[in-house]
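Undergrad: Take a look at work.txt, compact mmCIF, N, CA and C atoms:
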# COMPACT_ATOMS: atom_id res chain seq x y z
N MET W 92 -86.98 204.65 -227.05
CA MET W 92 -87.52 203.98 -225.88
C MET W 92 -88.96 204.43 -225.73
N ALA W 93 -89.86 203.49 -225.69
CA ALA W 93 -91.28 203.80 -225.63
C ALA W 93 -91.81 203.58 -224.23
N PHE W 94 -92.61 204.52 -223.78
CA PHE W 94 -93.26 204.39 -222.49
C PHE W 94 -94.74 204.13 -222.74
N GLY W 95 -95.25 203.14 -222.11
CA GLY W 95 -96.66 202.86 -222.30
C GLY W 95 -97.03 201.53 -221.71
N SER W 96 -98.25 201.23 -221.83
CA SER W 96 -98.78 199.99 -221.30
C SER W 96 -98.53 198.87 -222.29
N PHE W 97 -98.38 197.65 -221.82
CA PHE W 97 -98.11 196.52 -222.69
C PHE W 97 -99.36 196.05 -223.45
N ASP W 98 -100.51 196.26 -222.89
CA ASP W 98 -101.71 195.72 -223.52
C ASP W 98 -102.34 196.66 -224.55
N LYS W 99 -101.93 197.90 -224.63
CA LYS W 99 -102.57 198.83 -225.56
C LYS W 99 -101.66 199.21 -226.72
N GLY W 100 -100.49 198.73 -226.71
CA GLY W 100 -99.59 199.03 -227.80
C GLY W 100 -98.62 200.13 -227.43
N ALA W 101 -97.64 200.35 -228.28
CA ALA W 101 -96.57 201.29 -227.99
C ALA W 101 -97.01 202.74 -228.19
N ASP W 102 -98.01 202.99 -229.00
CA ASP W 102 -98.41 204.37 -229.28
C ASP W 102 -99.45 204.93 -228.30
N ALA W 103 -100.01 204.13 -227.39
CA ALA W 103 -101.04 204.59 -226.46
C ALA W 103 -100.40 205.44 -225.35
N PRO W 104 -101.07 206.47 -224.88
CA PRO W 104 -100.51 207.29 -223.81
C PRO W 104 -100.47 206.51 -222.48
N MET W 105 -99.53 206.88 -221.62
CA MET W 105 -99.40 206.21 -220.33
C MET W 105 -100.50 206.70 -219.40
N ALA W 106 -101.27 205.77 -218.84
CA ALA W 106 -102.40 206.13 -217.99
C ALA W 106 -102.12 205.88 -216.51
N GLU W 107 -100.97 205.38 -216.15
CA GLU W 107 -100.63 205.09 -214.76
C GLU W 107 -99.79 206.21 -214.19
N ILE W 108 -100.07 206.55 -212.94
CA ILE W 108 -99.30 207.59 -212.25
C ILE W 108 -98.25 206.90 -211.39
N ASN W 109 -97.04 207.33 -211.50
CA ASN W 109 -95.96 206.77 -210.70
C ASN W 109 -95.95 207.50 -209.35
N THR W 110 -96.35 206.81 -208.28
CA THR W 110 -96.47 207.44 -206.96
C THR W 110 -95.23 207.28 -206.10
N THR W 111 -94.23 206.59 -206.59
CA THR W 111 -93.02 206.38 -205.78
C THR W 111 -92.32 207.70 -205.43
N PRO W 112 -92.12 208.64 -206.37
CA PRO W 112 -91.50 209.90 -205.97
C PRO W 112 -92.35 210.70 -204.97
N LEU W 113 -93.66 210.62 -205.11
CA LEU W 113 -94.54 211.32 -204.18
C LEU W 113 -94.41 210.75 -202.78
N VAL W 114 -94.36 209.44 -202.65
CA VAL W 114 -94.20 208.81 -201.35
C VAL W 114 -92.84 209.16 -200.74
N ASP W 115 -91.81 209.18 -201.55
CA ASP W 115 -90.48 209.54 -201.06
C ASP W 115 -90.46 210.96 -200.51
N VAL W 116 -91.06 211.89 -201.22
CA VAL W 116 -91.09 213.28 -200.77
C VAL W 116 -91.89 213.40 -199.48
N MET W 117 -93.01 212.70 -199.38
CA MET W 117 -93.83 212.77 -198.17
C MET W 117 -93.10 212.19 -196.96
N LEU W 118 -92.35 211.11 -197.16
CA LEU W 118 -91.59 210.54 -196.05
C LEU W 118 -90.48 211.48 -195.59
N VAL W 119 -89.82 212.14 -196.54
CA VAL W 119 -88.79 213.10 -196.16
C VAL W 119 -89.40 214.26 -195.38
N LEU W 120 -90.54 214.78 -195.82
CA LEU W 120 -91.21 215.86 -195.10
C LEU W 120 -91.66 215.41 -193.71
N LEU W 121 -92.14 214.19 -193.59
CA LEU W 121 -92.55 213.67 -192.30
C LEU W 121 -91.37 213.60 -191.33
N VAL W 122 -90.25 213.13 -191.79
CA VAL W 122 -89.05 213.06 -190.94
C VAL W 122 -88.60 214.45 -190.55
N VAL W 123 -88.64 215.39 -191.47
CA VAL W 123 -88.24 216.77 -191.16
C VAL W 123 -89.16 217.37 -190.09
N PHE W 124 -90.47 217.15 -190.22
CA PHE W 124 -91.40 217.69 -189.22
C PHE W 124 -91.25 217.00 -187.87
N ILE W 125 -90.97 215.72 -187.87
CA ILE W 125 -90.78 215.01 -186.60
C ILE W 125 -89.55 215.55 -185.87
N ILE W 126 -88.52 215.86 -186.62
CA ILE W 126 -87.28 216.36 -185.99
C ILE W 126 -87.44 217.81 -185.54
N THR W 127 -88.10 218.63 -186.34
CA THR W 127 -88.16 220.06 -186.02
C THR W 127 -89.31 220.44 -185.09
N ALA W 128 -90.35 219.62 -184.96
CA ALA W 128 -91.49 219.99 -184.12
C ALA W 128 -91.12 220.21 -182.66
N PRO W 129 -90.31 219.36 -182.01
CA PRO W 129 -89.95 219.65 -180.62
C PRO W 129 -89.14 220.93 -180.46
N LEU W 130 -88.43 221.34 -181.49
CA LEU W 130 -87.62 222.55 -181.39
C LEU W 130 -88.45 223.82 -181.49
N LEU W 131 -89.67 223.72 -182.00
CA LEU W 131 -90.50 224.90 -182.20
C LEU W 131 -91.25 225.32 -180.94
N THR W 132 -91.32 224.46 -179.94
CA THR W 132 -92.03 224.82 -178.71
C THR W 132 -91.12 225.68 -177.85
N ASN W 133 -91.54 226.88 -177.61
CA ASN W 133 -90.77 227.81 -176.79
C ASN W 133 -91.43 227.95 -175.44
N ALA W 134 -90.64 227.87 -174.40
CA ALA W 134 -91.16 228.06 -173.06
C ALA W 134 -91.25 229.55 -172.77
N VAL W 135 -92.33 229.94 -172.15
CA VAL W 135 -92.52 231.34 -171.80
C VAL W 135 -91.97 231.54 -170.39
N LYS W 136 -91.05 232.46 -170.24
CA LYS W 136 -90.46 232.74 -168.94
C LYS W 136 -91.41 233.65 -168.17
N LEU W 137 -91.84 233.19 -167.00
CA LEU W 137 -92.72 233.97 -166.15
C LEU W 137 -92.12 234.09 -164.77
N ASP W 138 -92.29 235.25 -164.17
CA ASP W 138 -91.87 235.46 -162.79
C ASP W 138 -93.13 235.42 -161.94
N LEU W 139 -93.47 234.23 -161.42
CA LEU W 139 -94.71 234.05 -160.69
C LEU W 139 -94.57 234.54 -159.26
N PRO W 140 -95.66 235.02 -158.68
CA PRO W 140 -95.60 235.47 -157.28
C PRO W 140 -95.46 234.27 -156.34
N GLN W 141 -94.87 234.53 -155.19
CA GLN W 141 -94.66 233.48 -154.19
C GLN W 141 -95.80 233.53 -153.17
N ALA W 142 -96.33 232.37 -152.81
CA ALA W 142 -97.40 232.29 -151.82
C ALA W 142 -96.78 232.09 -150.45
N SER W 143 -97.32 232.81 -149.48
CA SER W 143 -96.78 232.71 -148.13
C SER W 143 -97.60 231.78 -147.24
N ALA W 144 -98.76 231.33 -147.72
CA ALA W 144 -99.62 230.47 -146.91
C ALA W 144 -99.16 229.02 -147.02
N ALA W 145 -99.35 228.28 -145.96
CA ALA W 145 -99.01 226.87 -145.97
C ALA W 145 -100.09 226.09 -146.70
N GLN W 146 -99.72 224.93 -147.22
CA GLN W 146 -100.68 224.10 -147.92
C GLN W 146 -101.65 223.47 -146.93
N HIS W 147 -102.85 223.26 -147.42
CA HIS W 147 -103.90 222.67 -146.58
C HIS W 147 -103.68 221.17 -146.50
N GLN W 148 -103.41 220.65 -145.33
CA GLN W 148 -103.08 219.24 -145.15
C GLN W 148 -104.21 218.47 -144.49
N ASP W 149 -105.44 218.81 -144.78
CA ASP W 149 -106.58 218.15 -144.16
C ASP W 149 -106.82 216.82 -144.85
N LYS W 150 -106.64 215.74 -144.13
CA LYS W 150 -106.90 214.42 -144.67
C LYS W 150 -108.17 213.87 -144.02
N PRO W 151 -108.93 213.07 -144.77
CA PRO W 151 -110.13 212.52 -144.15
C PRO W 151 -109.77 211.55 -143.03
N GLN W 152 -110.65 211.52 -142.04
CA GLN W 152 -110.44 210.64 -140.91
C GLN W 152 -110.52 209.19 -141.38
N ALA W 153 -109.66 208.35 -140.84
CA ALA W 153 -109.67 206.93 -141.22
C ALA W 153 -109.91 206.08 -139.99
N ILE W 154 -110.77 205.09 -140.15
CA ILE W 154 -111.03 204.12 -139.10
C ILE W 154 -110.16 202.90 -139.40
N ARG W 155 -109.31 202.54 -138.47
CA ARG W 155 -108.50 201.33 -138.63
C ARG W 155 -109.19 200.21 -137.87
N LEU W 156 -109.77 199.27 -138.60
CA LEU W 156 -110.47 198.15 -137.99
C LEU W 156 -109.69 196.88 -138.30
N ALA W 157 -109.30 196.17 -137.24
CA ALA W 157 -108.54 194.94 -137.40
C ALA W 157 -109.35 193.78 -136.84
N ILE W 158 -109.27 192.65 -137.54
CA ILE W 158 -109.93 191.42 -137.08
C ILE W 158 -108.85 190.36 -136.99
N ASP W 159 -108.63 189.82 -135.77
CA ASP W 159 -107.56 188.83 -135.62
C ASP W 159 -108.08 187.43 -135.92
N ALA W 160 -107.23 186.43 -135.73
CA ALA W 160 -107.56 185.05 -136.12
C ALA W 160 -108.72 184.49 -135.31
N GLU W 161 -108.90 184.94 -134.08
CA GLU W 161 -110.00 184.44 -133.25
C GLU W 161 -111.31 185.17 -133.52
N GLY W 162 -111.29 186.21 -134.32
CA GLY W 162 -112.50 186.97 -134.63
C GLY W 162 -112.68 188.19 -133.76
N LYS W 163 -111.69 188.51 -132.91
CA LYS W 163 -111.77 189.72 -132.08
C LYS W 163 -111.54 190.93 -132.96
N MET W 164 -112.28 192.00 -132.68
CA MET W 164 -112.18 193.23 -133.48
C MET W 164 -111.53 194.34 -132.68
N PHE W 165 -110.75 195.16 -133.39
CA PHE W 165 -110.02 196.27 -132.77
C PHE W 165 -110.28 197.53 -133.58
N TRP W 166 -110.90 198.52 -132.93
CA TRP W 166 -111.22 199.81 -133.54
C TRP W 166 -110.10 200.77 -133.17
N ASN W 167 -109.29 201.17 -134.14
CA ASN W 167 -108.12 202.02 -133.90
C ASN W 167 -107.27 201.46 -132.76
N ASP W 168 -106.97 200.18 -132.83
CA ASP W 168 -106.13 199.42 -131.89
C ASP W 168 -106.76 199.26 -130.51
N ALA W 169 -108.02 199.57 -130.33
CA ALA W 169 -108.72 199.35 -129.06
C ALA W 169 -109.78 198.27 -129.27
N PRO W 170 -109.88 197.29 -128.37
CA PRO W 170 -110.86 196.22 -128.55
C PRO W 170 -112.29 196.76 -128.58
N VAL W 171 -113.11 196.17 -129.44
CA VAL W 171 -114.50 196.57 -129.57
C VAL W 171 -115.34 195.31 -129.79
N GLU W 172 -116.55 195.32 -129.26
CA GLU W 172 -117.47 194.19 -129.44
C GLU W 172 -118.18 194.33 -130.79
N SER W 173 -118.53 193.20 -131.40
CA SER W 173 -119.18 193.24 -132.71
C SER W 173 -120.59 193.83 -132.64
N GLY W 174 -121.26 193.76 -131.48
CA GLY W 174 -122.59 194.34 -131.34
C GLY W 174 -122.58 195.85 -131.34
N VAL W 175 -121.50 196.46 -130.91
CA VAL W 175 -121.39 197.92 -130.82
C VAL W 175 -120.86 198.51 -132.13
N LEU W 176 -120.40 197.63 -133.01
CA LEU W 176 -119.70 198.10 -134.22
C LEU W 176 -120.58 198.96 -135.12
N ARG W 177 -121.83 198.57 -135.32
CA ARG W 177 -122.72 199.32 -136.21
C ARG W 177 -122.96 200.73 -135.68
N SER W 178 -123.15 200.90 -134.39
CA SER W 178 -123.37 202.24 -133.84
C SER W 178 -122.10 203.08 -133.93
N ARG W 179 -120.93 202.45 -133.78
CA ARG W 179 -119.68 203.20 -133.92
C ARG W 179 -119.48 203.67 -135.37
N PHE W 180 -119.86 202.81 -136.33
CA PHE W 180 -119.79 203.22 -137.74
C PHE W 180 -120.73 204.39 -138.00
N ALA W 181 -121.94 204.35 -137.44
CA ALA W 181 -122.92 205.42 -137.64
C ALA W 181 -122.43 206.72 -137.03
N GLU W 182 -121.82 206.66 -135.85
CA GLU W 182 -121.28 207.87 -135.22
C GLU W 182 -120.15 208.47 -136.06
N ALA W 183 -119.28 207.61 -136.57
CA ALA W 183 -118.16 208.11 -137.37
C ALA W 183 -118.64 208.71 -138.69
N ALA W 184 -119.64 208.09 -139.31
CA ALA W 184 -120.17 208.62 -140.57
C ALA W 184 -120.94 209.91 -140.36
N ALA W 185 -121.60 210.05 -139.20
CA ALA W 185 -122.32 211.29 -138.91
C ALA W 185 -121.34 212.43 -138.63
N ALA W 186 -120.22 212.12 -137.99
CA ALA W 186 -119.24 213.15 -137.69
C ALA W 186 -118.50 213.61 -138.94
N ASN W 187 -118.20 212.68 -139.85
CA ASN W 187 -117.47 213.00 -141.06
C ASN W 187 -117.98 212.09 -142.18
N PRO W 188 -118.73 212.62 -143.16
CA PRO W 188 -119.27 211.77 -144.22
C PRO W 188 -118.19 211.18 -145.12
N GLU W 189 -117.00 211.75 -145.13
CA GLU W 189 -115.91 211.26 -145.97
C GLU W 189 -114.99 210.31 -145.21
N VAL W 190 -115.45 209.72 -144.13
CA VAL W 190 -114.61 208.85 -143.32
C VAL W 190 -114.27 207.59 -144.13
N GLU W 191 -113.05 207.09 -143.94
CA GLU W 191 -112.58 205.90 -144.64
C GLU W 191 -112.42 204.76 -143.64
N LEU W 192 -112.73 203.56 -144.08
CA LEU W 192 -112.54 202.37 -143.28
C LEU W 192 -111.36 201.59 -143.86
N HIS W 193 -110.32 201.42 -143.06
CA HIS W 193 -109.18 200.60 -143.45
C HIS W 193 -109.30 199.28 -142.69
N LEU W 194 -109.65 198.22 -143.40
CA LEU W 194 -109.92 196.93 -142.79
C LEU W 194 -108.72 196.01 -142.94
N ARG W 195 -108.21 195.54 -141.80
CA ARG W 195 -107.13 194.54 -141.78
C ARG W 195 -107.71 193.29 -141.14
N ALA W 196 -107.76 192.20 -141.90
CA ALA W 196 -108.30 190.95 -141.38
C ALA W 196 -107.26 189.85 -141.54
N ASP W 197 -107.15 189.02 -140.52
CA ASP W 197 -106.25 187.88 -140.57
C ASP W 197 -106.71 186.95 -141.69
N LYS W 198 -105.77 186.29 -142.35
CA LYS W 198 -106.17 185.46 -143.48
C LYS W 198 -106.91 184.20 -143.06
N SER W 199 -106.89 183.86 -141.78
CA SER W 199 -107.63 182.68 -141.31
C SER W 199 -109.02 183.04 -140.80
N VAL W 200 -109.41 184.31 -140.85
CA VAL W 200 -110.75 184.73 -140.42
C VAL W 200 -111.77 184.27 -141.46
N ARG W 201 -112.93 183.81 -140.96
CA ARG W 201 -113.99 183.41 -141.88
C ARG W 201 -114.49 184.62 -142.66
N TYR W 202 -114.73 184.40 -143.94
CA TYR W 202 -115.19 185.50 -144.79
C TYR W 202 -116.55 186.03 -144.33
N GLU W 203 -117.33 185.18 -143.72
CA GLU W 203 -118.65 185.59 -143.24
C GLU W 203 -118.54 186.76 -142.27
N LEU W 204 -117.56 186.70 -141.37
CA LEU W 204 -117.37 187.79 -140.41
C LEU W 204 -116.95 189.08 -141.11
N VAL W 205 -116.08 188.95 -142.11
CA VAL W 205 -115.65 190.13 -142.87
C VAL W 205 -116.83 190.71 -143.65
N ALA W 206 -117.64 189.86 -144.25
CA ALA W 206 -118.79 190.33 -145.03
C ALA W 206 -119.82 191.02 -144.14
N ILE W 207 -120.04 190.48 -142.95
CA ILE W 207 -120.98 191.12 -142.02
C ILE W 207 -120.46 192.49 -141.60
N THR W 208 -119.16 192.57 -141.34
CA THR W 208 -118.56 193.85 -140.95
C THR W 208 -118.68 194.88 -142.06
N LEU W 209 -118.42 194.46 -143.31
CA LEU W 209 -118.55 195.37 -144.44
C LEU W 209 -119.99 195.82 -144.64
N ALA W 210 -120.92 194.91 -144.45
CA ALA W 210 -122.34 195.27 -144.59
C ALA W 210 -122.77 196.25 -143.51
N ASP W 211 -122.27 196.05 -142.28
CA ASP W 211 -122.58 196.99 -141.20
C ASP W 211 -122.03 198.38 -141.51
N ALA W 212 -120.81 198.42 -142.03
CA ALA W 212 -120.20 199.71 -142.35
C ALA W 212 -120.97 200.42 -143.45
N GLN W 213 -121.35 199.68 -144.47
CA GLN W 213 -122.06 200.29 -145.58
C GLN W 213 -123.45 200.75 -145.17
N SER W 214 -124.13 199.96 -144.37
CA SER W 214 -125.48 200.37 -143.95
C SER W 214 -125.45 201.55 -142.99
N ALA W 215 -124.32 201.75 -142.29
CA ALA W 215 -124.20 202.88 -141.38
C ALA W 215 -123.77 204.16 -142.10
N GLY W 216 -123.40 204.06 -143.38
CA GLY W 216 -123.05 205.27 -144.14
C GLY W 216 -121.58 205.41 -144.46
N VAL W 217 -120.77 204.42 -144.12
CA VAL W 217 -119.35 204.46 -144.47
C VAL W 217 -119.21 203.88 -145.88
N SER W 218 -118.89 204.74 -146.85
CA SER W 218 -118.85 204.27 -148.23
C SER W 218 -117.43 204.06 -148.75
N ARG W 219 -116.45 204.61 -148.08
CA ARG W 219 -115.07 204.45 -148.52
C ARG W 219 -114.42 203.34 -147.69
N ILE W 220 -114.17 202.22 -148.34
CA ILE W 220 -113.65 201.06 -147.64
C ILE W 220 -112.40 200.58 -148.38
N GLY W 221 -111.34 200.34 -147.62
CA GLY W 221 -110.10 199.82 -148.20
C GLY W 221 -109.61 198.63 -147.40
N PHE W 222 -108.99 197.69 -148.10
CA PHE W 222 -108.43 196.50 -147.46
C PHE W 222 -106.92 196.67 -147.34
N VAL W 223 -106.41 196.46 -146.14
CA VAL W 223 -104.98 196.61 -145.88
C VAL W 223 -104.37 195.21 -145.96
N THR W 224 -103.34 195.06 -146.78
CA THR W 224 -102.66 193.78 -146.93
C THR W 224 -101.17 193.98 -146.71
N GLU W 225 -100.46 192.88 -146.58
CA GLU W 225 -99.02 192.93 -146.45
C GLU W 225 -98.39 192.23 -147.64
N ALA W 226 -97.24 192.73 -148.08
CA ALA W 226 -96.53 192.10 -149.18
C ALA W 226 -95.84 190.84 -148.68
N ASP W 227 -95.65 189.89 -149.58
CA ASP W 227 -94.98 188.64 -149.20
C ASP W 227 -93.52 188.87 -148.90
What is this structure when it is put down as structure tokens?
TA:
Amino acid sequence: MAFGSFDKGADAPMAEINTTPLVDVMLVLLVVFIITAPLLTNAVKLDLPQASAAQHQDKPQAIRLAIDAEGKMFWNDAPVESGVLRSRFAEAAAANPEVELHLRADKSVRYELVAITLADAQSAGVSRIGFVTEAD
């Protein structure tokens, strides 16, 4: 039985490397490492000290601003006039720079009123603004 290439004759040495056994061995090693790798991680047992202090629960102040269908505005559920709104935003931003504005607007409110309110808040220094919506 002769091993060799068809184009060079039966007496020529074989110049091709058979990579099939190499691929088989590599796949077996890969499977072995995939199975054994999670078993090699050892957890270190530590006896950690217990803290007696309570966690700090300081949350940034939030302004709840609601705009109803008629365009009336409510600052933390209290009615407010639109002319006073910019000064109230400036006072809140001066008291706490991390103050958040949670805006709830009726879906029938004109976008122009919402855009003016957002512009007033941003110009007064309130940079954290969120829109409150309801799920269907």
Undergrad: Could you give me, as number ranges by chain, each residue of stretch 105-200 of chain W that DSSP assigns to helix (DSSP H, G or I) when run on this structure's backbone?
TA: W: 111-131, 176-186
Undergrad: Can you write out the residues you just picked, keeping N, CA and C atoms, as a CSV table (one decimal), in the frame of the given file?
TA:
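Final file, result-v3.csv:
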chain,number,residue,atom,x,y,z
W,111,THR,N,-94.2,206.6,-206.6
W,111,THR,CA,-93.0,206.4,-205.8
W,111,THR,C,-92.3,207.7,-205.4
W,112,PRO,N,-92.1,208.6,-206.4
W,112,PRO,CA,-91.5,209.9,-206.0
W,112,PRO,C,-92.4,210.7,-205.0
W,113,LEU,N,-93.7,210.6,-205.1
W,113,LEU,CA,-94.5,211.3,-204.2
W,113,LEU,C,-94.4,210.8,-202.8
W,114,VAL,N,-94.4,209.4,-202.6
W,114,VAL,CA,-94.2,208.8,-201.4
W,114,VAL,C,-92.8,209.2,-200.7
W,115,ASP,N,-91.8,209.2,-201.6
W,115,ASP,CA,-90.5,209.5,-201.1
W,115,ASP,C,-90.5,211.0,-200.5
W,116,VAL,N,-91.1,211.9,-201.2
W,116,VAL,CA,-91.1,213.3,-200.8
W,116,VAL,C,-91.9,213.4,-199.5
W,117,MET,N,-93.0,212.7,-199.4
W,117,MET,CA,-93.8,212.8,-198.2
W,117,MET,C,-93.1,212.2,-197.0
W,118,LEU,N,-92.4,211.1,-197.2
W,118,LEU,CA,-91.6,210.5,-196.0
W,118,LEU,C,-90.5,211.5,-195.6
W,119,VAL,N,-89.8,212.1,-196.5
W,119,VAL,CA,-88.8,213.1,-196.2
W,119,VAL,C,-89.4,214.3,-195.4
W,120,LEU,N,-90.5,214.8,-195.8
W,120,LEU,CA,-91.2,215.9,-195.1
W,120,LEU,C,-91.7,215.4,-193.7
W,121,LEU,N,-92.1,214.2,-193.6
W,121,LEU,CA,-92.6,213.7,-192.3
W,121,LEU,C,-91.4,213.6,-191.3
W,122,VAL,N,-90.2,213.1,-191.8
W,122,VAL,CA,-89.0,213.1,-190.9
W,122,VAL,C,-88.6,214.4,-190.6
W,123,VAL,N,-88.6,215.4,-191.5
W,123,VAL,CA,-88.2,216.8,-191.2
W,123,VAL,C,-89.2,217.4,-190.1
W,124,PHE,N,-90.5,217.2,-190.2
W,124,PHE,CA,-91.4,217.7,-189.2
W,124,PHE,C,-91.2,217.0,-187.9
W,125,ILE,N,-91.0,215.7,-187.9
W,125,ILE,CA,-90.8,215.0,-186.6
W,125,ILE,C,-89.6,215.6,-185.9
W,126,ILE,N,-88.5,215.9,-186.6
W,126,ILE,CA,-87.3,216.4,-186.0
W,126,ILE,C,-87.4,217.8,-185.5
W,127,THR,N,-88.1,218.6,-186.3
W,127,THR,CA,-88.2,220.1,-186.0
W,127,THR,C,-89.3,220.4,-185.1
W,128,ALA,N,-90.4,219.6,-185.0
W,128,ALA,CA,-91.5,220.0,-184.1
W,128,ALA,C,-91.1,220.2,-182.7
W,129,PRO,N,-90.3,219.4,-182.0
W,129,PRO,CA,-90.0,219.6,-180.6
W,129,PRO,C,-89.1,220.9,-180.5
W,130,LEU,N,-88.4,221.3,-181.5
W,130,LEU,CA,-87.6,222.6,-181.4
W,130,LEU,C,-88.4,223.8,-181.5
W,131,LEU,N,-89.7,223.7,-182.0
W,131,LEU,CA,-90.5,224.9,-182.2
W,131,LEU,C,-91.2,225.3,-180.9
W,176,LEU,N,-120.4,197.6,-133.0
W,176,LEU,CA,-119.7,198.1,-134.2
W,176,LEU,C,-120.6,199.0,-135.1
W,177,ARG,N,-121.8,198.6,-135.3
W,177,ARG,CA,-122.7,199.3,-136.2
W,177,ARG,C,-123.0,200.7,-135.7
W,178,SER,N,-123.2,200.9,-134.4
W,178,SER,CA,-123.4,202.2,-133.8
W,178,SER,C,-122.1,203.1,-133.9
W,179,ARG,N,-120.9,202.4,-133.8
W,179,ARG,CA,-119.7,203.2,-133.9
W,179,ARG,C,-119.5,203.7,-135.4
W,180,PHE,N,-119.9,202.8,-136.3
W,180,PHE,CA,-119.8,203.2,-137.7
W,180,PHE,C,-120.7,204.4,-138.0
W,181,ALA,N,-121.9,204.4,-137.4
W,181,ALA,CA,-122.9,205.4,-137.6
W,181,ALA,C,-122.4,206.7,-137.0
W,182,GLU,N,-121.8,206.7,-135.8
W,182,GLU,CA,-121.3,207.9,-135.2
W,182,GLU,C,-120.2,208.5,-136.1
W,183,ALA,N,-119.3,207.6,-136.6
W,183,ALA,CA,-118.2,208.1,-137.4
W,183,ALA,C,-118.6,208.7,-138.7
W,184,ALA,N,-119.6,208.1,-139.3
W,184,ALA,CA,-120.2,208.6,-140.6
W,184,ALA,C,-120.9,209.9,-140.4
W,185,ALA,N,-121.6,210.0,-139.2
W,185,ALA,CA,-122.3,211.3,-138.9
W,185,ALA,C,-121.3,212.4,-138.6
W,186,ALA,N,-120.2,212.1,-138.0
W,186,ALA,CA,-119.2,213.2,-137.7
W,186,ALA,C,-118.5,213.6,-138.9
Undergrad: What's the separation between atom CA of W:Gly162 and atom N of W:Val223, in Å to one decimal place?
TA: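 Computed distance, atom CA of W:Gly162 to atom N of W:Val223, equals 16.1 Å.
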Undergrad: For W:Pro170, which residue among W:Leu209, W:Ala183, W:Ile158, W:Leu120 is the nearest when counting only C-alpha atoms?
TA: W:Ile158
Undergrad: Atom CA of W:Gln213 and atom C of W:Glu225 are how many Å apart?
TA: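 Calculated distance between atom CA of W:Gln213 and atom C of W:Glu225 is 25.1 Å.
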Undergrad: For atom CA of W:Val171 and atom C of W:Glu189, quote the distance in Å rounded to one decimal.
TA: 20.8 Å
Undergrad: From the options W:Arg177, W:Ser199, W:Glu191, W:Asp168, which residue's atoms come nearest to W:Ser214, counting only C-alpha atoms?
TA: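 Checking each of W:Arg177, W:Ser199, W:Glu191, W:Asp168 against W:Ser214, counting only C-alpha atoms, the winner is W:Arg177.
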Undergrad: Considering only C-alpha atoms, return as a list in words whatever protein or nucleic-acid residues lie within 10 Å of W:Ala186, sequence-local ones (same chain, fewer than 5 positions apart) excluded.
TA: Gln152, Phe180 and Ala181 of chain W
Undergrad: Looking at W:Ser173, W:Asn109, W:Thr127, W:Asn187, which one is nearest to W:Gly216, with distances taken over only N, CA and C atoms?
TA: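 Once distances to W:Gly216 are computed over only N, CA and C atoms, the minimum belongs to W:Asn187.
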Undergrad: Of the residues W:Asp159, W:Val190, W:Ile207, W:Arg195, which is the one nearest to W:Gly174, using only C-alpha atoms?
TA: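 Of W:Asp159, W:Val190, W:Ile207, W:Arg195, the one nearest W:Gly174 is W:Ile207, counting only C-alpha atoms.
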Undergrad: From the options W:Val205, W:Val200, W:Val114, W:Ser218, which residue's atoms come nearest to W:Ala160, counting all atoms listed in the file?
TA: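 Closest to W:Ala160 of all the choices is W:Val200.
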Undergrad: Find the residue from W:Pro129, W:Asp211, W:Val122, W:Thr224 that sits nearest to W:Leu176; use only N, CA and C atoms when measuring.
TA: W:Asp211
Undergrad: What's the 8 Å shell around W:Trp166, counting all atoms listed in the file, without same-chain residues fewer than 5 positions away, as a list in words?
TA: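 These residues fall inside the cut-off: Ile154, Arg155, Leu156, Ala157, Ile158, Val171 and Glu172 of chain W.
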